[in-house]
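A.B. asks: This is data-v7.pdb, which holds PDB, C-alpha atoms:
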ATOM      1  CA  MET A 826      18.091  20.037 -13.031
ATOM      2  CA  LYS A 827      19.151  16.733 -11.521
ATOM      3  CA  ARG A 828      16.533  14.036 -10.988
ATOM      4  CA  LYS A 829      17.062  13.879  -7.216
ATOM      5  CA  THR A 830      16.720  17.666  -7.007
ATOM      6  CA  GLU A 831      13.333  17.409  -8.707
ATOM      7  CA  GLN A 832      12.325  14.594  -6.360
ATOM      8  CA  LEU A 833      13.270  16.617  -3.291
ATOM      9  CA  LEU A 834      11.280  19.596  -4.556
ATOM     10  CA  ALA A 835       8.296  17.296  -5.146
ATOM     11  CA  LYS A 836       8.628  16.086  -1.546
ATOM     12  CA  ALA A 837       8.675  19.728  -0.424
ATOM     13  CA  ARG A 838       5.444  20.408  -2.313
ATOM     14  CA  ASP A 839       3.864  17.315  -0.740
ATOM     15  CA  ALA A 840       5.015  18.397   2.722
ATOM     16  CA  ILE A 841       3.427  21.835   2.231
ATOM     17  CA  GLU A 842       0.188  20.190   1.143
ATOM     18  CA  ALA A 843       0.310  17.859   4.162
ATOM     19  CA  ALA A 844       0.980  20.818   6.470
ATOM     20  CA  GLU A 845      -2.076  22.616   5.122
ATOM     21  CA  LEU A 846      -4.250  19.522   5.550
ATOM     22  CA  LEU A 847      -3.008  18.966   9.092
ATOM     23  CA  LEU A 848      -3.558  22.610   9.975
ATOM     24  CA  GLY A 849      -7.098  22.363   8.619
ATOM     25  CA  ALA A 850      -7.629  19.374  10.908
ATOM     26  CA  ARG A 851      -6.284  21.409  13.864
ATOM     27  CA  LYS A 852      -3.184  19.256  14.186
ATOM     28  CA  ASN A 853      -0.947  22.305  14.523
ATOM     29  CA  GLU A 854       2.123  20.579  15.927
ATOM     30  CA  PHE A 855       2.163  17.986  13.132
ATOM     31  CA  ALA A 856       1.550  20.719  10.555
ATOM     32  CA  ALA A 857       4.585  22.610  11.873
ATOM     33  CA  GLY A 858       6.706  19.504  11.394
ATOM     34  CA  GLN A 859       5.643  19.184   7.775
ATOM     35  CA  ALA A 860       6.298  22.875   7.138
ATOM     36  CA  TYR A 861       9.814  22.382   8.490
ATOM     37  CA  TYR A 862      10.373  19.286   6.356
ATOM     38  CA  ALA A 863       9.289  21.230   3.278
ATOM     39  CA  MET A 864      12.028  23.779   3.966
ATOM     40  CA  PHE A 865      14.531  21.042   4.769
ATOM     41  CA  TYR A 866      13.842  19.276   1.450
ATOM     42  CA  ILE A 867      14.213  22.581  -0.403
ATOM     43  CA  ALA A 868      17.586  23.246   1.216
ATOM     44  CA  GLU A 869      18.649  19.659   0.476
ATOM     45  CA  ALA A 870      17.618  20.051  -3.170
ATOM     46  CA  LEU A 871      19.577  23.265  -3.588
ATOM     47  CA  LEU A 872      22.673  21.719  -2.027
ATOM     48  CA  PHE A 873      22.341  18.496  -4.020
ATOM     49  CA  GLU A 874      22.216  20.516  -7.213
ATOM     50  CA  LYS A 875      25.654  21.859  -6.208
ATOM     51  CA  GLY A 876      26.924  18.314  -5.615
ATOM     52  CA  LEU A 877      26.610  18.469  -1.829
ATOM     53  CA  GLU A 878      24.892  15.863   0.364
ATOM     54  CA  PHE A 879      24.663  15.577   4.139
ATOM     55  CA  ARG A 880      23.523  12.912   6.582
ATOM     56  CA  LYS A 881      22.319  15.212   9.360
ATOM     57  CA  HIS A 882      19.917  18.106   9.585
ATOM     58  CA  SER A 883      22.643  20.213  11.170
ATOM     59  CA  GLY A 884      24.854  19.584   8.138
ATOM     60  CA  VAL A 885      22.154  20.780   5.761
ATOM     61  CA  HIS A 886      21.465  23.832   7.931
ATOM     62  CA  ALA A 887      25.138  24.814   8.104
ATOM     63  CA  ALA A 888      25.868  24.114   4.441
ATOM     64  CA  PHE A 889      22.848  26.099   3.261
ATOM     65  CA  GLY A 890      24.153  29.082   5.204
ATOM     66  CA  GLU A 891      27.734  28.590   4.049
ATOM     67  CA  HIS A 892      27.254  27.752   0.358
ATOM     68  CA  LEU A 893      24.111  29.641  -0.561
ATOM     69  CA  VAL A 894      23.446  32.455   1.900
ATOM     70  CA  LYS A 895      26.977  33.692   2.622
ATOM     71  CA  LYS A 896      27.736  33.621  -1.103
ATOM     72  CA  GLY A 897      24.745  35.868  -1.789
ATOM     73  CA  LYS A 898      22.631  33.318  -3.646
ATOM     74  CA  PHE A 899      19.794  33.461  -1.098
ATOM     75  CA  HIS A 900      18.601  36.137   1.282
ATOM     76  CA  PRO A 901      19.626  35.392   4.890
ATOM     77  CA  LYS A 902      15.971  35.296   5.930
ATOM     78  CA  PHE A 903      15.648  31.862   4.298
ATOM     79  CA  HIS A 904      18.364  30.483   6.550
ATOM     80  CA  ARG A 905      16.553  32.016   9.522
ATOM     81  CA  TYR A 906      13.253  30.523   8.300
ATOM     82  CA  LEU A 907      14.854  27.081   8.114
ATOM     83  CA  LEU A 908      16.388  27.295  11.587
ATOM     84  CA  GLU A 909      13.257  28.715  13.221
ATOM     85  CA  ALA A 910      11.098  26.041  11.598
ATOM     86  CA  PHE A 911      13.510  23.394  12.910
ATOM     87  CA  GLU A 912      13.138  24.768  16.444
ATOM     88  CA  SER A 913       9.344  24.738  16.092
ATOM     89  CA  ARG A 914       9.460  21.138  14.894
ATOM     90  CA  LEU A 915      11.624  20.100  17.829
ATOM     91  CA  GLU A 916       9.281  21.798  20.293
ATOM     92  CA  ALA A 917       6.247  20.233  18.636
ATOM     93  CA  ASP A 918       7.762  16.748  18.379
ATOM     94  CA  TYR A 919       9.306  16.491  21.814
ATOM     95  CA  GLY A 920       7.401  18.919  23.999
ATOM     96  CA  VAL A 921       4.304  17.589  25.708
ATOM     97  CA  ASP A 922       2.846  20.938  26.772
ATOM     98  CA  VAL A 923       3.663  22.796  23.563
ATOM     99  CA  ARG A 924       0.751  24.314  21.730
ATOM    100  CA  LEU A 925       1.589  26.106  18.523
ATOM    101  CA  THR A 926      -1.053  28.584  17.441
ATOM    102  CA  GLU A 927      -2.762  28.381  14.094
ATOM    103  CA  LYS A 928      -1.283  31.792  13.254
ATOM    104  CA  ALA A 929       2.273  30.615  14.011
ATOM    105  CA  VAL A 930       1.896  27.469  11.915
ATOM    106  CA  ARG A 931       0.270  29.370   9.066
ATOM    107  CA  GLU A 932       3.351  31.630   9.061
ATOM    108  CA  LEU A 933       5.645  28.581   8.818
ATOM    109  CA  ILE A 934       3.634  27.310   5.843
ATOM    110  CA  THR A 935       3.744  30.734   4.171
ATOM    111  CA  ARG A 936       7.514  30.808   4.636
ATOM    112  CA  ALA A 937       7.855  27.306   3.173
ATOM    113  CA  LYS A 938       5.859  28.354   0.104
ATOM    114  CA  GLU A 939       7.985  31.475  -0.334
ATOM    115  CA  PHE A 940      11.201  29.454   0.022
ATOM    116  CA  LEU A 941       9.957  26.921  -2.542
ATOM    117  CA  GLN A 942       9.099  29.640  -5.062
ATOM    118  CA  VAL A 943      12.458  31.382  -4.678
ATOM    119  CA  ALA A 944      14.331  28.065  -4.905
ATOM    120  CA  GLU A 945      12.465  27.020  -8.053
ATOM    121  CA  ASP A 946      13.157  30.407  -9.646
ATOM    122  CA  TYR A 947      16.838  30.131  -8.712
ATOM    123  CA  LEU A 948      17.133  26.634 -10.164
ATOM    124  CA  ARG A 949      15.267  27.611 -13.328
ATOM    125  CA  LEU A 950      17.547  30.611 -13.894
ATOM    126  CA  GLY A 951      20.583  28.425 -13.238
ATOM    127  CA  GLU A 952      19.572  26.207 -16.145
ATOM    128  CA  GLU A 953      19.178  29.174 -18.484
ATOM    129  CA  ARG A 954      22.714  30.530 -17.862
TER     130      ARG A 954
END
Go through the file and emit its structure as structure tokens.
C.D. replies:
Amino acid sequence: MKRKTEQLLAKARDAIEAAELLLGARKNEFAAGQAYYAMFYIAEALLFEKGLEFRKHSGVHAAFGEHLVKKGKFHPKFHRYLLEAFESRLEADYGVDVRLTEKAVRELITRAKEFLQVAEDYLRLGEER
């Protein structure tokens, strides 16, 4: 696995930890943002491992769908998770009356953890081939 891939996965783990800490402190909107960033870093890591880099979130979102989901490497739900988490982050960051529930944010964190596990398994198997 490439060094930058490992670094992005480490950032994803840190973002999940931060999301859990923020949720515990009842900072739901900030926790949602960290859960999204965890998924974003995971998608970036997977794409980087394939030699692909993007400057915008939309580029990562589209490329993850195109290069990893449509080609059957990842279940489509992970693309949906990424896009839904992005929408939650946008609402939380820019909305002033938005209140994300603890349950909704906990679901984002659970999805980020699942995505991380599947991505790590995928990358580990890729090295064994």
A.B. asks: For A:His900, work out the shell of residues within 12 Å, counting all atoms listed in the file and skipping chain neighbours fewer than 4 positions away, then give it as number ranges by chain.
C.D. replies: A: 889-890, 893-896, 904-907, 939-940, 943-944, 947
A.B. asks: If we count all atoms listed in the file and set the cut-off at 9 Å, which residues sit around stretch 914-925 of chain A, ignoring sequence neighbours fewer than 2 positions away in its own chain? Please answer as a compact mmCIF listing (two decimals) with C-alpha atoms, in the frame of the given file.
C.D. replies:
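The resulting file, part32.txt, is reproduced below:
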# COMPACT_ATOMS: atom_id res chain seq x y z
CA ASN A 853 -0.95 22.30 14.52
CA GLU A 854 2.12 20.58 15.93
CA PHE A 855 2.16 17.99 13.13
CA ALA A 857 4.58 22.61 11.87
CA GLY A 858 6.71 19.50 11.39
CA GLN A 859 5.64 19.18 7.78
CA ALA A 860 6.30 22.88 7.14
CA TYR A 861 9.81 22.38 8.49
CA TYR A 862 10.37 19.29 6.36
CA GLU A 909 13.26 28.72 13.22
CA ALA A 910 11.10 26.04 11.60
CA PHE A 911 13.51 23.39 12.91
CA GLU A 912 13.14 24.77 16.44
CA GLU A 927 -2.76 28.38 14.09
CA LYS A 928 -1.28 31.79 13.25
CA ALA A 929 2.27 30.62 14.01
CA VAL A 930 1.90 27.47 11.92
A.B. asks: If I take atom CA of A:Arg936 and atom CA of A:Glu874, how far is one from the other in Å, to one decimal?
C.D. replies: 21.5 Å
A.B. asks: Evaluate the PyMOL selection byres ((chain A and resi 868) around 12) on the structure here and hand back the selected residues as a PyMOL selection string.
C.D. replies: chain A and resi 830+833-834+836-837+861-867+869-875+877-879+882-894+899+903-904+906-908+937+940-941+943-945+948
A.B. asks: Just the number, please: distance in Å from atom CA of A:Ile934 to atom CA of A:Pro901, one decimal.
C.D. replies: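 Result for atom CA of A:Ile934 versus atom CA of A:Pro901: 17.9 Å, one decimal.
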A.B. asks: What does the distance from atom CA of A:Glu932 to atom CA of A:Ala856 come to in Å, to one decimal?
C.D. replies: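 Between atom CA of A:Glu932 and atom CA of A:Ala856 the gap works out to 11.2 Å.
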